[in-house]
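*Asks:* If you scroll down you'll find the structure; I have some questions about it.
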Amino acid sequence: MALDYPVGMHRGPLRQVVNYGRNVVFAPAEIATPGSAAELREVVRRAARVRVMGSRHSWSRAIVTDDTLVSLERMTRVLAVDAATLQVTVQAGVTLRALIAQLDRRGLALANLGSIDRQTVAGAISTGTHGTGLAFQCLAAQVVALRLVDGRGEERALRRGDADFDAVVVGLGCFGVVYEVTLQVVRSFQMHAITERAPFDEVVDRLDEHLRGFDHFKLWWLVPDDHVIVFKNRRTDAPRNDNELVRWFKDELLSVAVYRSLVALQRLDRERLVPLCNRVLGREVGKRYERICKSHVGFLTPDPPVHRETEWAFDLADAPRLLREYRRALLDGGHTYNFIQEVRFSRGDDFWLSPAYGRDSIWLGMYNMDSDERWADQLRAFEAFAVRNGGRPHWGKEAGFDPAYLRGQLPRLEDFRALAARYDPDGKLANDWARRVLGVG
Ligand SMILES: Cc1cc2nc3c(=O)[nH]c(=O)nc-3n(C[C@H](O)[C@H](O)[C@H](O)COP(=O)(O)OP(=O)(O)OC[C@H]3O[C@@H](n4cnc5c(N)ncnc54)[C@H](O)[C@@H]3O)c2cc1C
């Protein structure tokens with residue numbers, strides 16, 4: 001049953017696993033691709049240690065193992081759609097992209113999304129993946145129930161309201177392999193999406209107004225521009241009016257082809273060309289663009305080139321001050337950034353390990369494509385800024401994940417650890433990363 005992983009699914013030789021960001025490469029002893037809960041139980045029972053991966057879209061080392069790696073790529077079906085309750089049960093290996101397409105055909109949609117849809121449902125919920133909007137929690141908040149195989153190879157079912165639920169949903173693979181998820185979905189809706197440019201200072205001064213005025217507000221900054229690109233999205237039932245040609249020009253030509261060519265050109269003289277190109281791009285991408293489109297089109301952004309990311313959640317109450325310091329930190333850091341910097345917002349939640357646990361949050365991201373050496377320096381500097389300001393790191397992105405610091409920031413970490421030991425008494429599910437960072441196993 002332990003199938004060899006299909007050749008060509010990963011870069012490099014058979015069994016070498018490489019993540020999206022290409023910063024994590026490892027060779028598990030075996031990649032198991034169970035096709036049912038019964039097969040999954042067998043995999044977990046006979047393996048010495050088990051780690052599970054989704055679409056490998058995390059930059060952190062959360063999926064790394066040299067033992068058995070489970071992939072649910074054969075468990076991707078939509079199992080049930082309850083038209084009355086609008087609850088949809090899926091096998092947990094389905095990607096958001098495939099799920100969105102299937103929901104769309106039935107007049108349904110996911111209530112909220114992040115910027116891409118390549119992740120699996122299980123992978124996205126397990127790290128607290130989020131979108132933007134003060135009324136919206138991380139994607140895990142759409143989960144109503146789930147089924148998993150725990151560290152002893154036993155099946156467990158959990159529903160919202162159960163005592164362990166808030167720990168297990170954003171569980172980073174520490175409670176078991178989640179193989180089935182029931183999601184609360186909504187009827188299809190449109191997004192009234194406005195993109196425009198505004199001075200950085202003005203956006204900070206009017207932040208509250210923007211956050212209350214738009215369901216999904218976020219901003220992109222191309223360092224060192226003194227303007228930012230703002231996304232002002234409102235949910236609507238008004239009919240679509242988006243023009244495929246304009247969308248192609250914006251999303252494919254400008255955001256993908258022109259941008260990638262500029263990045264290639266910048267290699268000639270990064271120090272001078274990156275700031276120059278960023279100012280030009282900021283003006284072009286930020287040209288006012290208004291449309292009413294399908295909800296997922298409004299949420300998602302064009303496929304980015306491979307890059308690196310760190311992102312931290314901070315207390316929203318500090319947002320104006322944080323934004324000013326964030327700006328200064330990136331302007332004064334002595335580096336160039338050939339990728340957008342992103343600022344998003346989410347409502348506080350109750351998931352024990354969610355970075356937005358117990359507080360409405362502003363998410364500050366630092367993204368770049370640079371040499372490993374310079375990226376390490378940028379990461380260190382950004383982490384110092386984040387730690388000074390009580391930030392909590394996104395589990396799927398890069399960070400130092402200092403266990404002592406995390407203990408002070410995540411009030412339920414001890415409880416999480418104790419509960420994980422009940423689901424996985426032999427520590428079979430923990431990898432080196434989870435042992436060091438979370439203290440599980
Ligand atoms: C280009 C890009 C854009 C992104 N945009 C956003 C964004 O807008 N918002 C945001 O918050 N994040 C974003 N991310 C981060 C991404 O959403 C998370 O890292 C997400 O967890 C990746 O999902 P995955 O399916 O690839 O899971 P993986 O990265 O493969 O795994 C992530 C974690 O989930 C666990 N896991 C996976 N499957 C299961 C399972 N079946 N049962 C139990 N545990 C499981 C793994 O063990 C691991 O701990 C982005 C990443 C990329 C590369």
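Ligands are numbered from 1 in the order shown, chains are lettered A, B, ... in the order of the structure tokens, and residues start at 1 in each chain.
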Skip A:Ala109 itself and residues of its chain fewer than 5 positions away, then list as a count of residues only all residues within 8 Å of it, counting only C-alpha atoms.
*Replies:* 10
*Asks:* Collect all residues with atoms no farther than 6 Å from ligand 1, counting only C-alpha atoms and all ligand atoms, and output them as a VMD selection string.
*Replies:* chain A and resid 20 51 to 58 62 to 63 92 114 to 116 119 to 120 122 to 124 126 to 127 129 to 131 172 to 173 176 to 179 396
*Asks:* Would you mind listing what lies within 8 Å of stretch 37-48 of chain A as a list in words, with only C-alpha atoms counted and same-chain residues fewer than 4 positions away left out?
*Replies:* Met1, Ala2, Ala32, Asp67, Thr68, Val149, Gly151, Arg152, Gly153, Glu154, Glu155, Tyr179 and Lys428 of chain A
*Asks:* Write a file of the selected residues as a CSV table (one decimal), in the first residue's frame, keeping C-alpha atoms.
*Replies:*
```csv
chain,number,residue,atom,x,y,z
A,1,MET,CA,0.0,0.0,0.0
A,2,ALA,CA,2.9,2.4,0.6
A,32,ALA,CA,2.2,7.0,1.5
A,67,ASP,CA,10.2,8.8,8.0
A,68,THR,CA,6.8,8.3,6.6
A,149,VAL,CA,-6.7,9.4,12.3
A,151,GLY,CA,-1.3,8.9,16.5
A,152,ARG,CA,-2.4,5.5,17.5
A,153,GLY,CA,-4.2,4.9,14.2
A,154,GLU,CA,-7.7,5.4,15.7
A,155,GLU,CA,-10.4,7.4,14.0
A,179,TYR,CA,-9.0,13.1,6.2
A,428,LYS,CA,4.6,9.5,16.4
```
*Asks:* Report as an mmCIF file with N, CA and C atoms, in the first residue's frame all protein, DNA and RNA residues lying within 6 Å of stretch 388-393 of chain A, evaluated on only C-alpha atoms, omitting residues in the same chain fewer than 4 positions from it.
*Replies:*
```cif
data_model
loop_
_atom_site.group_PDB
_atom_site.id
_atom_site.type_symbol
_atom_site.label_atom_id
_atom_site.label_comp_id
_atom_site.auth_asym_id
_atom_site.auth_seq_id
_atom_site.Cartn_x
_atom_site.Cartn_y
_atom_site.Cartn_z
ATOM 1 N N TRP A 312 3.384 38.161 10.317
ATOM 2 C CA TRP A 312 3.096 38.104 11.753
ATOM 3 C C TRP A 312 1.784 38.807 12.056
ATOM 4 N N ALA A 313 1.085 38.293 13.049
ATOM 5 C CA ALA A 313 -0.178 38.905 13.484
ATOM 6 C C ALA A 313 0.084 39.728 14.744
ATOM 7 N N PHE A 314 -0.403 40.977 14.720
ATOM 8 C CA PHE A 314 -0.227 41.895 15.856
ATOM 9 C C PHE A 314 -1.592 42.363 16.328
ATOM 10 N N PRO A 355 -2.567 32.507 15.265
ATOM 11 C CA PRO A 355 -1.887 33.770 15.595
ATOM 12 C C PRO A 355 -2.871 34.887 15.939
#
```
*Asks:* Please run DSSP on the backbone and report, as a ChimeraX atom specification, all residues within stretch 37-112 of chain A that come out as alpha helix (DSSP H).
*Replies:* /A:37-46,96-105
*Asks:* Keeping only N, CA and C atoms, write those residues as a short mmCIF file (atom, residue, chain, number, x, y, z; two decimals), in the first residue's frame.
*Replies:*
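The resulting file, part.cif, is shown below:
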```
data_model
loop_
_atom_site.label_atom_id
_atom_site.label_comp_id
_atom_site.auth_asym_id
_atom_site.auth_seq_id
_atom_site.Cartn_x
_atom_site.Cartn_y
_atom_site.Cartn_z
N ALA A 37 -9.98 6.05 4.58
CA ALA A 37 -9.68 6.16 6.01
C ALA A 37 -9.05 4.85 6.50
N ALA A 38 -9.53 3.73 5.97
CA ALA A 38 -8.98 2.44 6.41
C ALA A 38 -7.51 2.31 6.02
N GLU A 39 -7.17 2.71 4.81
CA GLU A 39 -5.76 2.66 4.38
C GLU A 39 -4.92 3.62 5.20
N LEU A 40 -5.49 4.77 5.51
CA LEU A 40 -4.76 5.76 6.32
C LEU A 40 -4.48 5.20 7.71
N ARG A 41 -5.47 4.53 8.28
CA ARG A 41 -5.27 3.91 9.61
C ARG A 41 -4.10 2.96 9.57
N GLU A 42 -4.04 2.15 8.51
CA GLU A 42 -2.95 1.17 8.37
C GLU A 42 -1.60 1.86 8.28
N VAL A 43 -1.55 2.93 7.48
CA VAL A 43 -0.28 3.67 7.31
C VAL A 43 0.20 4.15 8.68
N VAL A 44 -0.69 4.77 9.44
CA VAL A 44 -0.29 5.34 10.73
C VAL A 44 0.12 4.23 11.70
N ARG A 45 -0.62 3.12 11.68
CA ARG A 45 -0.32 2.04 12.63
C ARG A 45 1.05 1.41 12.38
N ARG A 46 1.38 1.22 11.11
CA ARG A 46 2.63 0.49 10.89
C ARG A 46 3.86 1.40 10.81
N LEU A 96 -8.20 24.01 -2.46
CA LEU A 96 -9.22 25.06 -2.45
C LEU A 96 -9.67 25.34 -3.88
N ARG A 97 -8.73 25.30 -4.81
CA ARG A 97 -9.07 25.58 -6.21
C ARG A 97 -10.13 24.60 -6.74
N ALA A 98 -9.90 23.32 -6.51
CA ALA A 98 -10.85 22.32 -7.00
C ALA A 98 -12.18 22.46 -6.28
N LEU A 99 -12.12 22.77 -5.00
CA LEU A 99 -13.36 22.91 -4.24
C LEU A 99 -14.16 24.12 -4.72
N ILE A 100 -13.47 25.24 -4.92
CA ILE A 100 -14.15 26.46 -5.39
C ILE A 100 -14.89 26.17 -6.70
N ALA A 101 -14.22 25.46 -7.61
CA ALA A 101 -14.83 25.16 -8.92
C ALA A 101 -16.08 24.30 -8.73
N GLN A 102 -16.00 23.33 -7.84
CA GLN A 102 -17.16 22.45 -7.64
C GLN A 102 -18.30 23.18 -6.95
N LEU A 103 -17.96 24.04 -6.01
CA LEU A 103 -19.01 24.82 -5.33
C LEU A 103 -19.67 25.77 -6.32
N ASP A 104 -18.84 26.41 -7.13
CA ASP A 104 -19.34 27.40 -8.09
C ASP A 104 -20.40 26.78 -9.01
N ARG A 105 -20.15 25.55 -9.43
CA ARG A 105 -21.12 24.87 -10.32
C ARG A 105 -22.46 24.64 -9.62
#
```
*Asks:* Could you work out how far atom CA of A:Asp372 lies from atom CA of A:Glu271, giving the answer in Å with one decimal?
*Replies:*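 Distance between the two atoms: 16.6 Å.
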*Asks:* Would you list the contacts of A:Ala420 as a ChimeraX atom specification, taking every protein, DNA or RNA residue within 7 Å and counting only C-alpha atoms, but skipping same-chain residues closer than 2 positions in sequence?
*Replies:* /A:174-175,416-418,422-424,440
*Asks:* Give me the residues within 7 Å of A:Ala140 as a list in words, counting only C-alpha atoms and dropping any in the same chain fewer than 2 places off.
*Replies:*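 In the requested form, the answer reads Ile125, Gly128, Cys138, Gln142, Val143, Val169 and Val170 of chain A.
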*Asks:* Okay, now the selection with C-alpha atoms, as a CSV table (one decimal), in the first residue's frame?
*Replies:*
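Result file is part.csv:
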```
chain,number,residue,atom,x,y,z
A,125,ILE,CA,-6.9,25.2,8.1
A,128,GLY,CA,-4.4,29.3,10.5
A,138,CYS,CA,-9.0,32.6,9.6
A,142,GLN,CA,-15.5,27.8,8.2
A,143,VAL,CA,-14.9,24.3,9.6
A,169,VAL,CA,-8.6,22.5,13.7
A,170,VAL,CA,-5.5,24.7,13.7
```
*Asks:* Between A:Gly133, A:Pro239, A:Gly107, A:Pro411, which has the minimum distance to A:Leu353 (counting only C-alpha atoms)?
*Replies:*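 Ranked by minimum distance to A:Leu353, first place goes to A:Pro411.
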*Asks:* To one decimal place, how far is atom CA of A:Ala264 from atom CA of A:Val280 in Å?
*Replies:*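 So the two atoms, atom CA of A:Ala264 and atom CA of A:Val280, lie 15.5 Å apart.
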*Asks:* Quick check for you: according to DSSP on this backbone, which residues of stretch 109-322 of chain A are classed as strand (DSSP E or B)? Reply as a PyMOL selection string.
*Replies:* chain A and resi 109+120+133+143-149+155-159+177-184+186-187+190-199+216-221+227-236+289-294+308-315
*Asks:* Counting only C-alpha atoms, which residue out of A:Leu268, A:Val228, A:Leu410, A:Val246 sits closest to A:Gly358?
*Replies:*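 When distances to A:Gly358 are compared using only C-alpha atoms, the smallest one comes from A:Leu410.
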*Asks:* Which residues come within 7 Å of A:Arg344, counting only C-alpha atoms, excluding same-chain residues fewer than 6 positions away, as a ChimeraX atom specification?
*Replies:* /A:132,218-219,362-364
*Asks:* Next, dump the selected residues to file, keeping only C-alpha atoms, as a PDB file, in the first residue's frame.
*Replies:*
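And here's out00.pdb as it stands now:
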```
ATOM      1  CA  THR A 132      -8.444  39.915   5.098  1.00  0.00           C
ATOM      2  CA  LYS A 218      -5.872  45.207   2.473  1.00  0.00           C
ATOM      3  CA  LEU A 219      -2.896  47.054   1.174  1.00  0.00           C
ATOM      4  CA  ILE A 362      -3.281  43.321  11.779  1.00  0.00           C
ATOM      5  CA  TRP A 363      -1.013  41.050   9.724  1.00  0.00           C
ATOM      6  CA  LEU A 364       2.245  42.523   8.503  1.00  0.00           C
TER       7      LEU A 364
END
```
